[in-house]
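Structure data (mmCIF, C-alpha atoms and all ligand atoms) from target-v4.cif:
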data_final
#
loop_
_atom_site.label_atom_id
_atom_site.label_comp_id
_atom_site.auth_asym_id
_atom_site.auth_seq_id
_atom_site.Cartn_x
_atom_site.Cartn_y
_atom_site.Cartn_z
CA MET R 1 14.77 18.17 -10.14
CA ALA R 2 12.93 15.80 -7.82
CA ALA R 3 16.02 14.72 -5.91
CA ALA R 4 15.10 14.62 -2.24
CA SER R 5 18.57 15.77 -1.27
CA ALA R 6 18.22 18.93 -3.37
CA SER R 7 14.96 20.06 -1.76
CA PRO R 8 15.21 22.99 0.67
CA GLY R 9 13.43 20.95 3.34
CA ALA R 10 15.96 18.11 3.36
CA ALA R 11 16.60 18.57 7.10
CA LEU R 12 12.91 17.97 7.93
CA GLN R 13 11.46 14.60 8.88
CA ALA R 14 10.06 12.48 6.02
CA GLN R 15 6.59 12.83 7.54
CA THR R 16 6.79 16.61 7.24
CA ARG R 17 8.35 16.59 3.79
CA MET R 18 5.65 14.21 2.54
CA LEU R 19 2.98 16.74 3.57
CA HIS R 20 4.70 19.67 1.94
CA ALA R 21 5.75 17.97 -1.31
CA GLY R 22 3.87 18.50 -4.55
CA LYS R 23 1.92 21.55 -3.41
CA ALA R 24 -0.06 23.86 -5.66
CA PRO R 25 1.50 26.46 -7.94
CA THR R 26 0.85 30.09 -6.96
CA TRP R 27 -2.01 31.86 -8.73
CA ALA R 28 -2.92 35.53 -8.36
CA GLY R 29 -5.13 35.70 -5.27
CA GLY R 30 -3.75 32.76 -3.29
CA THR R 31 -3.70 29.00 -3.64
CA ALA R 32 -5.73 25.98 -2.64
CA VAL R 33 -4.08 23.69 -0.09
CA ASN R 34 -4.00 20.81 -2.57
CA PRO R 35 -2.58 20.85 -6.09
CA PRO R 36 -5.00 21.12 -8.99
CA LEU R 37 -5.99 18.03 -10.94
CA VAL R 38 -4.51 18.35 -14.42
CA ARG R 39 -5.81 15.98 -17.08
CA ALA R 40 -3.96 15.97 -20.37
CA SER R 41 -3.04 13.99 -23.42
CA THR R 42 -1.89 16.85 -25.68
CA VAL R 43 0.41 19.46 -24.21
CA LEU R 44 0.72 22.72 -26.16
CA PHE R 45 3.91 24.68 -26.76
CA ASP R 46 4.46 28.30 -27.74
CA SER R 47 6.71 27.53 -30.68
CA THR R 48 8.35 24.75 -32.65
CA ALA R 49 11.63 25.73 -31.04
CA GLN R 50 10.17 25.27 -27.55
CA GLN R 51 8.58 21.96 -28.48
CA ARG R 52 11.89 20.73 -29.89
CA GLU R 53 13.79 21.86 -26.80
CA MET R 54 11.33 20.16 -24.41
CA ARG R 55 11.52 16.91 -26.40
CA ALA R 56 15.30 17.03 -26.21
CA ARG R 57 15.29 17.59 -22.46
CA ARG R 58 12.61 15.15 -21.36
CA GLY R 59 14.85 12.08 -21.44
CA SER R 60 16.86 13.35 -18.50
CA GLU R 61 14.61 16.02 -16.96
CA ARG R 62 11.04 16.04 -15.81
CA ILE R 63 9.21 17.92 -18.56
CA PHE R 64 5.45 18.23 -19.03
CA SER R 65 5.41 17.26 -22.71
CA TYR R 66 2.69 14.64 -23.26
CA GLY R 67 0.11 12.91 -21.04
CA ALA R 68 1.91 9.58 -21.19
CA ARG R 69 5.07 11.23 -19.84
CA GLY R 70 3.22 12.34 -16.71
CA THR R 71 1.20 15.39 -15.71
CA PRO R 72 1.71 18.01 -12.99
CA THR R 73 -0.63 15.87 -10.86
CA SER R 74 1.38 12.66 -11.22
CA PHE R 75 4.63 14.65 -10.78
CA ALA R 76 3.28 15.95 -7.45
CA LEU R 77 2.55 12.41 -6.28
CA GLU R 78 5.96 11.22 -7.49
CA ASP R 79 7.61 13.93 -5.39
CA ALA R 80 5.62 13.02 -2.28
CA VAL R 81 6.54 9.33 -2.68
CA SER R 82 10.21 10.24 -3.21
CA GLU R 83 10.15 12.18 0.07
CA LEU R 84 8.48 9.29 1.85
CA GLU R 85 10.92 6.69 0.53
CA GLY R 86 14.04 8.85 0.69
CA ALA R 87 14.43 8.24 -3.04
CA TYR R 88 16.07 10.11 -5.91
CA ARG R 89 12.94 9.82 -8.03
CA THR R 90 9.76 7.75 -8.37
CA ARG R 91 7.69 6.32 -11.24
CA LEU R 92 4.00 5.52 -10.97
CA LEU R 93 2.42 2.40 -12.45
CA PRO R 94 -1.24 1.38 -12.74
CA THR R 95 -1.06 -1.29 -9.98
CA GLY R 96 1.42 -2.58 -7.43
CA LEU R 97 1.87 -5.75 -9.44
CA ALA R 98 2.52 -3.73 -12.60
CA ALA R 99 5.21 -1.85 -10.68
CA ILE R 100 6.89 -5.14 -9.72
CA GLY R 101 6.63 -6.37 -13.33
CA MET R 102 8.19 -3.14 -14.62
CA VAL R 103 11.09 -3.50 -12.18
CA LEU R 104 11.82 -7.04 -13.42
CA LEU R 105 11.52 -5.84 -17.03
CA SER R 106 13.78 -2.84 -16.44
CA TYR R 107 16.74 -4.48 -14.77
CA LEU R 108 16.87 -8.12 -15.98
CA ARG R 109 18.04 -9.53 -19.32
CA PRO R 110 17.92 -13.03 -20.83
CA GLY R 111 20.63 -15.13 -19.17
CA ASP R 112 20.34 -13.28 -15.83
CA HIS R 113 19.23 -14.89 -12.59
CA VAL R 114 17.03 -13.27 -9.94
CA LEU R 115 16.91 -14.54 -6.36
CA LEU R 116 13.40 -14.02 -4.98
CA THR R 117 12.33 -14.13 -1.36
CA ASP R 118 10.18 -17.12 -0.43
CA SER R 119 7.80 -14.67 1.30
CA ALA R 120 7.06 -12.65 -1.85
CA TYR R 121 3.54 -11.40 -2.51
CA GLN R 122 2.00 -14.46 -4.16
CA PRO R 123 1.33 -13.09 -7.68
CA VAL R 124 5.10 -12.50 -7.99
CA ARG R 125 5.50 -16.30 -8.22
CA HIS R 126 2.96 -16.35 -11.03
CA LEU R 127 4.69 -13.45 -12.76
CA ALA R 128 8.03 -15.25 -12.52
CA GLY R 129 6.57 -18.32 -14.24
CA GLN R 130 4.61 -16.30 -16.79
CA PHE R 131 7.28 -13.84 -17.82
CA LEU R 132 10.78 -14.61 -16.52
CA GLN R 133 10.92 -18.25 -17.53
CA PRO R 134 9.75 -17.86 -21.18
CA TYR R 135 12.09 -14.88 -21.62
CA GLY R 136 15.14 -16.83 -20.54
CA ILE R 137 15.58 -15.23 -17.13
CA GLU R 138 16.33 -17.76 -14.36
CA TYR R 139 14.74 -17.39 -10.95
CA SER R 140 14.88 -19.23 -7.66
CA PHE R 141 13.84 -18.55 -4.09
CA PHE R 142 15.72 -17.88 -0.85
CA ALA R 143 14.41 -18.46 2.67
CA ALA R 144 12.34 -15.53 3.92
CA ASP R 145 14.72 -14.89 6.83
CA GLY R 146 17.58 -14.55 4.34
CA SER R 147 19.67 -17.28 6.01
CA ASP R 148 20.47 -19.18 2.79
CA ALA R 149 20.59 -16.23 0.36
CA GLN R 150 24.37 -16.09 0.03
CA ALA R 151 24.58 -19.82 -0.68
CA ARG R 152 21.91 -19.49 -3.38
CA MET R 153 23.60 -16.69 -5.32
CA ARG R 154 24.71 -17.78 -8.80
CA PRO R 155 27.43 -16.29 -11.02
CA ASN R 156 24.67 -14.69 -13.12
CA THR R 157 22.55 -13.38 -10.21
CA ARG R 158 21.75 -9.79 -11.15
CA MET R 159 18.96 -9.06 -8.68
CA LEU R 160 18.04 -9.93 -5.11
CA TYR R 161 14.35 -9.35 -4.57
CA ALA R 162 13.24 -8.97 -0.94
CA GLU R 163 9.95 -8.35 0.77
CA CYS R 164 10.36 -7.43 4.41
CA PRO R 165 8.31 -8.15 6.42
CA GLY R 166 7.05 -10.92 4.13
CA SER R 167 3.51 -11.42 2.90
CA LEU R 168 1.15 -13.41 5.17
CA ALA R 169 3.67 -14.47 7.88
CA TYR R 170 5.73 -11.21 8.11
CA GLU R 171 9.14 -12.89 8.17
CA MET R 172 11.98 -10.41 8.69
CA CYS R 173 15.30 -10.53 6.87
CA ASP R 174 18.46 -8.55 7.64
CA LEU R 175 18.18 -6.25 4.64
CA PRO R 176 21.41 -4.28 5.30
CA ALA R 177 23.38 -7.55 5.45
CA LEU R 178 21.65 -8.98 2.37
CA ALA R 179 22.23 -5.74 0.46
CA ALA R 180 25.94 -5.72 1.32
CA MET R 181 26.24 -9.34 0.20
CA ALA R 182 24.30 -8.76 -3.05
CA HIS R 183 26.18 -5.57 -3.90
CA ALA R 184 29.52 -7.32 -3.40
CA HIS R 185 28.23 -9.79 -5.98
CA GLY R 186 27.24 -6.98 -8.37
CA ALA R 187 23.49 -7.59 -7.95
CA LEU R 188 20.78 -4.95 -7.64
CA VAL R 189 18.65 -5.03 -4.46
CA VAL R 190 14.90 -4.57 -4.86
CA ALA R 191 12.43 -4.52 -1.95
CA ASP R 192 8.65 -4.66 -1.93
CA ASN R 193 7.83 -2.02 0.69
CA THR R 194 4.04 -2.28 0.66
CA TRP R 195 3.95 -3.46 4.30
CA GLY R 196 6.07 -0.55 5.52
CA SER R 197 4.55 1.99 3.12
CA GLY R 198 7.51 4.28 3.71
CA CYS R 199 6.54 5.09 7.31
CA GLN R 200 7.17 1.78 9.10
CA TYR R 201 10.07 0.56 6.94
CA ARG R 202 12.44 2.37 4.58
CA PRO R 203 14.36 -0.08 2.35
CA LEU R 204 16.41 2.57 0.52
CA ALA R 205 17.87 3.73 3.85
CA LEU R 206 18.71 0.09 4.64
CA GLY R 207 20.68 -0.55 1.45
CA ALA R 208 18.10 -1.37 -1.25
CA ASP R 209 18.47 0.27 -4.67
CA VAL R 210 14.81 0.08 -5.62
CA SER R 211 11.69 0.15 -3.43
CA VAL R 212 8.29 -0.86 -4.78
CA MET R 213 4.97 -0.14 -3.10
CA ALA R 214 1.38 -0.96 -3.85
CA ALA R 215 -0.05 2.51 -3.26
CA THR R 216 -3.35 0.65 -3.60
CA LYS R 217 -2.89 -0.18 0.09
CA TYR R 218 -2.00 2.36 2.80
CA LEU R 219 -0.96 5.30 0.60
CA SER R 220 -4.41 5.56 -0.95
CA GLY R 221 -5.93 4.22 2.26
CA HIS R 222 -9.57 4.06 1.20
CA SER R 223 -9.91 0.87 -0.91
CA ASP R 224 -10.98 2.79 -3.99
CA VAL R 225 -7.92 3.25 -6.20
CA MET R 226 -5.16 1.06 -7.70
CA MET R 227 -1.58 2.30 -8.05
CA GLY R 228 2.02 1.12 -7.84
CA THR R 229 5.14 3.15 -7.12
CA VAL R 230 8.80 2.46 -7.87
CA ALA R 231 11.29 4.65 -6.02
CA THR R 232 15.02 4.37 -6.69
CA THR R 233 18.42 5.69 -5.79
CA GLU R 234 20.05 8.04 -8.31
CA ALA R 235 22.31 5.26 -9.60
CA ALA R 236 19.39 2.90 -10.28
CA TRP R 237 17.07 5.45 -11.87
CA ALA R 238 17.92 5.48 -15.60
CA PRO R 239 16.95 1.92 -16.66
CA LEU R 240 13.56 2.20 -14.97
CA ALA R 241 12.75 5.60 -16.46
CA ALA R 242 13.80 4.50 -19.94
CA ARG R 243 11.75 1.30 -19.81
CA CYS R 244 8.62 3.04 -18.46
CA ASP R 245 8.85 5.66 -21.22
CA ALA R 246 9.44 3.01 -23.89
CA PHE R 247 6.34 1.09 -22.81
CA GLY R 248 4.17 4.21 -22.43
CA MET R 249 3.55 3.54 -18.75
CA ALA R 250 1.42 6.23 -17.15
CA VAL R 251 -1.31 6.55 -14.52
CA SER R 252 -4.56 8.46 -14.55
CA PRO R 253 -4.16 11.95 -13.05
CA ASP R 254 -7.44 11.42 -11.19
CA ASP R 255 -5.99 8.33 -9.51
CA ALA R 256 -2.71 10.13 -8.73
CA TRP R 257 -4.69 12.96 -7.16
CA LEU R 258 -6.61 10.50 -4.96
CA VAL R 259 -3.44 8.74 -3.79
CA LEU R 260 -1.77 12.08 -2.99
CA ARG R 261 -4.85 13.06 -0.98
CA GLY R 262 -4.73 9.75 0.90
CA MET R 263 -1.03 10.15 1.65
CA ARG R 264 -1.54 13.31 3.66
CA SER R 265 -3.08 11.26 6.47
CA LEU R 266 -0.88 8.17 6.00
CA ALA R 267 1.22 8.50 9.16
CA ALA R 268 -1.81 9.20 11.36
CA ARG R 269 -3.78 6.28 9.95
CA LEU R 270 -0.87 3.89 10.36
CA ARG R 271 -0.46 4.82 14.00
CA MET R 272 -4.13 4.03 14.61
CA HIS R 273 -4.00 0.77 12.60
CA GLU R 274 -0.97 -0.21 14.69
CA ALA R 275 -2.61 0.52 18.04
CA HIS R 276 -5.77 -1.36 17.10
CA ALA R 277 -3.88 -4.33 15.65
CA LEU R 278 -1.75 -4.70 18.78
CA GLU R 279 -4.82 -4.61 21.01
CA VAL R 280 -6.52 -7.28 18.89
CA ALA R 281 -3.29 -9.34 18.68
CA ARG R 282 -2.87 -9.45 22.46
CA TRP R 283 -6.44 -10.62 22.86
CA LEU R 284 -6.08 -13.26 20.13
CA GLN R 285 -2.89 -14.60 21.77
CA ARG R 286 -4.95 -15.59 24.80
CA HIS R 287 -7.69 -17.38 22.83
CA PRO R 288 -7.51 -21.20 23.10
CA ALA R 289 -8.35 -21.77 19.41
CA VAL R 290 -5.41 -19.64 18.23
CA ALA R 291 -2.01 -21.38 18.05
CA THR R 292 0.08 -18.35 17.00
CA VAL R 293 -0.51 -14.72 16.19
CA LEU R 294 1.86 -13.64 13.42
CA CYS R 295 2.97 -10.01 13.69
CA PRO R 296 6.61 -8.87 13.87
CA ALA R 297 5.83 -6.37 16.65
CA LEU R 298 5.03 -9.26 19.01
CA PRO R 299 8.00 -10.57 21.05
CA THR R 300 6.90 -14.12 20.12
CA HIS R 301 7.57 -13.48 16.39
CA PRO R 302 10.89 -14.93 15.12
CA GLY R 303 11.70 -11.64 13.36
CA HIS R 304 10.98 -9.44 16.38
CA ALA R 305 14.60 -8.39 17.06
CA LEU R 306 15.09 -7.30 13.43
CA TRP R 307 11.72 -5.56 13.51
CA GLN R 308 12.86 -3.62 16.59
CA ARG R 309 16.10 -2.68 14.84
CA ASP R 310 14.79 -1.78 11.37
CA CYS R 311 11.08 -0.90 11.58
CA HIS R 312 9.43 2.21 12.97
CA GLY R 313 6.20 0.50 13.94
CA THR R 314 3.75 -2.06 12.66
CA ASN R 315 0.51 -1.72 10.68
CA GLY R 316 -2.97 -3.24 10.69
CA LEU R 317 -1.91 -6.67 9.43
CA LEU R 318 -2.09 -9.77 11.62
CA SER R 319 -2.24 -13.39 10.66
CA LEU R 320 -3.50 -16.00 13.02
CA GLU R 321 -2.47 -19.61 12.87
CA LEU R 322 -5.17 -21.91 14.17
CA ALA R 323 -4.39 -25.21 15.90
CA PRO R 324 -2.78 -27.71 13.49
CA GLY R 325 -5.45 -30.09 12.21
CA THR R 326 -8.28 -27.55 12.38
CA PRO R 327 -10.62 -28.64 9.57
CA GLN R 328 -11.06 -26.23 6.65
CA ALA R 329 -14.82 -26.23 7.25
CA SER R 330 -14.26 -24.77 10.72
CA VAL R 331 -11.91 -22.13 9.32
CA ASP R 332 -14.54 -21.18 6.75
CA ARG R 333 -17.23 -21.06 9.45
CA PHE R 334 -15.05 -18.71 11.51
CA ILE R 335 -14.46 -16.38 8.55
CA ASP R 336 -18.07 -16.44 7.41
CA GLY R 337 -19.23 -15.81 10.98
CA LEU R 338 -17.41 -12.47 11.27
CA ARG R 339 -19.75 -9.50 10.94
CA LEU R 340 -17.40 -6.51 10.97
CA PHE R 341 -14.63 -7.97 8.76
CA GLY R 342 -15.17 -7.87 5.02
CA ILE R 343 -14.10 -11.01 3.15
CA GLY R 344 -11.71 -9.81 0.52
CA ALA R 345 -8.19 -9.52 -0.82
CA SER R 346 -5.98 -6.47 -0.58
CA TRP R 347 -5.77 -4.33 2.58
CA GLY R 348 -4.65 -0.88 3.69
CA GLY R 349 -8.05 0.80 3.58
CA TYR R 350 -9.74 2.12 6.70
CA GLU R 351 -11.82 -1.01 7.18
CA SER R 352 -11.19 -4.45 8.65
CA LEU R 353 -10.81 -7.42 6.30
CA VAL R 354 -10.33 -11.17 6.59
CA THR R 355 -9.07 -13.74 4.13
CA ALA R 356 -7.87 -17.35 4.31
CA ALA R 357 -4.19 -17.79 3.42
CA ASP R 358 -2.89 -20.93 1.71
CA MET R 359 0.63 -21.16 3.11
CA ALA R 360 1.44 -24.37 1.21
CA GLN R 361 0.94 -22.43 -2.05
CA ALA R 362 2.63 -19.29 -0.75
CA ARG R 363 6.02 -20.79 0.22
CA SER R 364 8.47 -23.00 -1.70
CA ILE R 365 11.26 -23.28 0.87
CA THR R 366 9.56 -23.05 4.26
CA ASP R 367 7.59 -26.19 5.07
CA TRP R 368 4.20 -25.23 6.52
CA SER R 369 2.74 -28.75 6.28
CA ARG R 370 2.86 -29.37 10.03
CA ARG R 371 1.43 -25.95 10.94
CA GLY R 372 -2.17 -24.94 11.35
CA PRO R 373 -4.34 -23.09 8.84
CA VAL R 374 -3.60 -19.36 8.57
CA VAL R 375 -6.16 -16.58 8.42
CA ARG R 376 -5.06 -13.03 7.60
CA LEU R 377 -6.75 -10.10 9.25
CA HIS R 378 -6.44 -6.46 8.35
CA ILE R 379 -7.36 -4.46 11.42
CA GLY R 380 -9.05 -1.25 10.40
CA LEU R 381 -9.97 1.96 12.19
CA GLU R 382 -13.13 0.58 13.83
CA SER R 383 -13.18 0.41 17.63
CA PRO R 384 -10.90 -2.49 18.64
CA ARG R 385 -13.41 -3.43 21.32
CA ASP R 386 -16.05 -4.07 18.66
CA LEU R 387 -13.57 -6.03 16.56
CA ILE R 388 -12.57 -8.20 19.53
CA ALA R 389 -16.22 -8.91 20.38
CA ASP R 390 -16.81 -9.90 16.76
CA LEU R 391 -13.76 -12.18 16.67
CA GLU R 392 -14.83 -13.75 19.98
CA GLN R 393 -18.31 -14.64 18.79
CA ALA R 394 -17.04 -16.02 15.46
CA LEU R 395 -14.19 -18.03 17.04
CA ASP R 396 -16.41 -19.45 19.75
CA ALA R 397 -19.15 -20.42 17.32
CA ALA R 398 -16.80 -22.07 14.83
CA LEU R 399 -13.78 -23.36 16.70
CA THR R 400 -14.00 -23.60 20.46
CA PRO R 401 -14.57 -27.20 21.60
CA ARG R 402 -18.08 -27.71 22.95
CA THR R 403 -16.80 -28.65 26.41
CA THR R 404 -15.30 -25.21 26.92
CA LYS R 405 -18.10 -23.32 25.27
CA ASN R 406 -19.97 -22.42 28.43
CA ARG R 407 -16.98 -21.26 30.47
C1 LIG L 1 -1.17 -5.88 -2.78
C2 LIG L 1 0.27 -6.07 -2.89
C3 LIG L 1 0.92 -5.89 -4.11
C4 LIG L 1 0.19 -5.62 -5.40
O1 LIG L 1 -0.56 -4.45 -5.40
P1 LIG L 1 -1.79 -4.26 -6.43
O2 LIG L 1 -1.94 -2.80 -6.47
O3 LIG L 1 -2.94 -4.99 -5.83
O4 LIG L 1 -1.37 -4.84 -7.73
C5 LIG L 1 2.29 -6.04 -4.15
N1 LIG L 1 2.98 -6.36 -3.05
C6 LIG L 1 2.39 -6.55 -1.86
C7 LIG L 1 3.22 -6.93 -0.68
C8 LIG L 1 1.02 -6.42 -1.74
O5 LIG L 1 0.44 -6.66 -0.57
#
Please go through the file and, once you have read it, give me the structure as structure tokens.
Ligand SMILES: *Cc1c(COP(=O)(O)O)cnc(C)c1O
Amino acid sequence: MAAASASPGAALQAQTRMLHAGKAPTWAGGTAVNPPLVRASTVLFDSTAQQREMRARRGSERIFSYGARGTPTSFALEDAVSELEGAYRTRLLPTGLAAIGMVLLSYLRPGDHVLLTDSAYQPVRHLAGQFLQPYGIEYSFFAADGSDAQARMRPNTRMLYAECPGSLAYEMCDLPALAAMAHAHGALVVADNTWGSGCQYRPLALGADVSVMAATKYLSGHSDVMMGTVATTEAAWAPLAARCDAFGMAVSPDDAWLVLRGMRSLAARLRMHEAHALEVARWLQRHPAVATVLCPALPTHPGHALWQRDCHGTNGLLSLELAPGTPQASVDRFIDGLRLFGIGASWGGYESLVTAADMAQARSITDWSRRGPVVRLHIGLESPRDLIADLEQALDAALTPRTTKNR
């Protein structure tokens, strides 16, 4: 029922379909623009026969039969995400990390091996140690650019797990090539698409079977709601749906309503985050205390050619690598000296954020030991001129050598 290909608007752009998906039912007298918020645990039926029929059909069809099986509000959000991702269907989970966990739980069995990207969102490493290892599922990492992935496949590799661009350093991999290689091996291809959020990168169109997003980030867009989404191809759908139902996985309709509301302005916000981030990035590249600005949209980034081929833009994320040997105290002074950047994890809201990144902890294969400390910025919707002035005062106060301070 939710298949994107079956919708009458299939010829429209994803951006248009996303805005028109999950709209309100028609009442006498007209409709509100946005769908109503429906809260429910119990769902009532007209007769025992109807209840029995709905129970029988809900395994394969989307049926409003009990709150834990989804509500009209969460169904509306699922449809909008499916349009955005070009997916057959979508499931919603309480957080992005829960969505990743559910994917591992749905498709892996004891004795299987999963090959994880070295640039995975850091808690995925923790999850692998916490859950996969004790449950007899092997895991290992491949280089974030994908160069050694084929060599690291094992006879029992059942899943290749990518994140492109990668967390913190935005490494690009050739997802179509990796997907072809993994599929030839009989492995499922999963991608964390939080960076691309469906607008800037579309893993399912590039060969992935499953795309996961933290809707906590750009989809919600306002730093006030947690949510994860898992969108799949038709062939990959059944194990995920069965596992989510078995575990009683559901989200609050209020949260689903908020994410759907945020999604309506997703494309517009991303374009503004991108413009501001590029302006800030170009300024940072000229600052003497900054060794490298990490962003795949910059020609200096090692993944730039793949970014040009596979991405439709960038977002508000930038990481800056300071000069190797910069003391941690100076890095902290820089971060603490910023006035317009909140110190905090997560990103994707309208506001600018800063956080120190520990690359030694975040990578197993890539050796960062000879590189400088990394600071991640999320460039928000504030005026880039104000952000640049703020970065300039904080960098100069904390990091610029005294001899050049009065230039
Ligand atoms: C934030 C994030 C997640 C997890 O999302 P939560 O909703 O915070 O659990 C997963 N993947 C990536 C790449 C993220 O940045």
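Minimum distance to ligand LIG 1 (chain L) across R:Leu168, R:Leu219, R:Ala151, R:Leu97 (counting only C-alpha atoms and all ligand atoms) occurs at R:Leu97.
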List all protein, DNA and RNA residues that have any atom at most 8 Å from ligand LIG 1 (chain L), counting all atoms listed in the file, and write the list as an mmCIF file with C-alpha atoms, in the frame of the given file.
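Result went into part.cif, see below:
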data_model
loop_
_atom_site.group_PDB
_atom_site.id
_atom_site.type_symbol
_atom_site.label_atom_id
_atom_site.label_comp_id
_atom_site.auth_asym_id
_atom_site.auth_seq_id
_atom_site.Cartn_x
_atom_site.Cartn_y
_atom_site.Cartn_z
ATOM 1 C CA PRO R 94 -1.240 1.380 -12.740
ATOM 2 C CA THR R 95 -1.060 -1.290 -9.980
ATOM 3 C CA GLY R 96 1.420 -2.580 -7.430
ATOM 4 C CA LEU R 97 1.870 -5.750 -9.440
ATOM 5 C CA ALA R 98 2.520 -3.730 -12.600
ATOM 6 C CA ALA R 99 5.210 -1.850 -10.680
ATOM 7 C CA ILE R 100 6.890 -5.140 -9.720
ATOM 8 C CA ALA R 120 7.060 -12.650 -1.850
ATOM 9 C CA TYR R 121 3.540 -11.400 -2.510
ATOM 10 C CA PRO R 123 1.330 -13.090 -7.680
ATOM 11 C CA GLU R 163 9.950 -8.350 0.770
ATOM 12 C CA GLY R 166 7.050 -10.920 4.130
ATOM 13 C CA SER R 167 3.510 -11.420 2.900
ATOM 14 C CA ASP R 192 8.650 -4.660 -1.930
ATOM 15 C CA ASN R 193 7.830 -2.020 0.690
ATOM 16 C CA THR R 194 4.040 -2.280 0.660
ATOM 17 C CA TRP R 195 3.950 -3.460 4.300
ATOM 18 C CA VAL R 212 8.290 -0.860 -4.780
ATOM 19 C CA MET R 213 4.970 -0.140 -3.100
ATOM 20 C CA ALA R 214 1.380 -0.960 -3.850
ATOM 21 C CA ALA R 215 -0.050 2.510 -3.260
ATOM 22 C CA THR R 216 -3.350 0.650 -3.600
ATOM 23 C CA LYS R 217 -2.890 -0.180 0.090
ATOM 24 C CA MET R 226 -5.160 1.060 -7.700
ATOM 25 C CA MET R 227 -1.580 2.300 -8.050
ATOM 26 C CA GLY R 228 2.020 1.120 -7.840
ATOM 27 C CA SER R 346 -5.980 -6.470 -0.580
ATOM 28 C CA TRP R 347 -5.770 -4.330 2.580
#
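Between R:Leu391 and the candidates R:Gly221, R:Gly342, R:Gly337, R:Pro324, the tightest atom-to-atom separation, counting all atoms listed in the file, involves R:Gly337.
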Where's the centre, and what are the edge lengths in Å to one decimal, of a box along x, y and z enclosing all listed atoms of stretch 366-374 of chain R padded 4 Å per side, as JSON?
{"center_x": 2.6, "center_y": -24.4, "center_z": 7.8, "size_x": 21.9, "size_y": 18.0, "size_z": 15.1}
inquiry  = Using all atoms listed in the file, which protein or nucleic acid residues come within 7 Å of R:Val189? Drop anything in the same chain fewer than 2 positions from it, and give the result as a ChimeraX atom specification.
reply    = /R:159-161,179,182,187,191,208-210
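For R:Gln150, the set of protein, DNA and RNA residues having any atom at most 10 Å away, when counting all atoms listed in the file and skipping those fewer than 6 positions along the same chain, is Leu115, Phe142, Leu178, Met181, Ala182 and His185 of chain R.
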query = Which residues, protein or nucleic acid, reach to within 10 Å of (7.0, -18.6, 7.5) in the file's coordinates when using all atoms listed in the file, and can you give that as a ChimeraX atom specification?
reply = /R:118-119,143-145,166-172,294,302,359,362-363,365-368,371
Just to be explicit: take each residue in the selection above, keep C-alpha atoms, and write the result as a PDB file, in the frame of the given file.
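Done, and the output landed in part29.pdb:
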ATOM      1  CA  ASP R 118      10.180 -17.120  -0.430  1.00  0.00           C
ATOM      2  CA  SER R 119       7.800 -14.670   1.300  1.00  0.00           C
ATOM      3  CA  ALA R 143      14.410 -18.460   2.670  1.00  0.00           C
ATOM      4  CA  ALA R 144      12.340 -15.530   3.920  1.00  0.00           C
ATOM      5  CA  ASP R 145      14.720 -14.890   6.830  1.00  0.00           C
ATOM      6  CA  GLY R 166       7.050 -10.920   4.130  1.00  0.00           C
ATOM      7  CA  SER R 167       3.510 -11.420   2.900  1.00  0.00           C
ATOM      8  CA  LEU R 168       1.150 -13.410   5.170  1.00  0.00           C
ATOM      9  CA  ALA R 169       3.670 -14.470   7.880  1.00  0.00           C
ATOM     10  CA  TYR R 170       5.730 -11.210   8.110  1.00  0.00           C
ATOM     11  CA  GLU R 171       9.140 -12.890   8.170  1.00  0.00           C
ATOM     12  CA  MET R 172      11.980 -10.410   8.690  1.00  0.00           C
ATOM     13  CA  LEU R 294       1.860 -13.640  13.420  1.00  0.00           C
ATOM     14  CA  PRO R 302      10.890 -14.930  15.120  1.00  0.00           C
ATOM     15  CA  MET R 359       0.630 -21.160   3.110  1.00  0.00           C
ATOM     16  CA  ALA R 362       2.630 -19.290  -0.750  1.00  0.00           C
ATOM     17  CA  ARG R 363       6.020 -20.790   0.220  1.00  0.00           C
ATOM     18  CA  ILE R 365      11.260 -23.280   0.870  1.00  0.00           C
ATOM     19  CA  THR R 366       9.560 -23.050   4.260  1.00  0.00           C
ATOM     20  CA  ASP R 367       7.590 -26.190   5.070  1.00  0.00           C
ATOM     21  CA  TRP R 368       4.200 -25.230   6.520  1.00  0.00           C
ATOM     22  CA  ARG R 371       1.430 -25.950  10.940  1.00  0.00           C
TER      23      ARG R 371
END
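Proximity of R:Ala128, R:Leu387, R:Leu317, R:Val290 to R:Thr355, computed with all atoms listed in the file, is greatest for R:Leu317.
Using all atoms listed in the file, the smallest distance between any of R:Ser223, R:Thr117, R:Asn315, R:Gln133 and R:Cys173 comes from R:Thr117.
Pairwise distance (atom CA of R:Phe45, atom CA of R:Gly248) equals 20.9 Å.
Going from atom CA of R:Thr16 to atom CA of R:Tyr201 covers 16.4 Å.
When atom CA of R:Arg202 is paired with atom CA of R:His312, their separation reads 8.9 Å.
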query = Can you tell me, as a PyMOL selection string, what residues are no more than 9 Å from stretch 103-107 of chain R when counting only C-alpha atoms, ignoring any on the same chain fewer than 5 positions away?
reply = chain R and resi 98+114+132+158-159+188+190+210+212+230+239-244
inquiry  = Which residues are close to R:Ser220, i.e. within 7 Å by all atoms listed in the file, leaving aside same-chain residues fewer than 2 positions away? Reply as an MDAnalysis selection string.
reply    = chainID R and resid 215:218 222 225 258:259 262:263
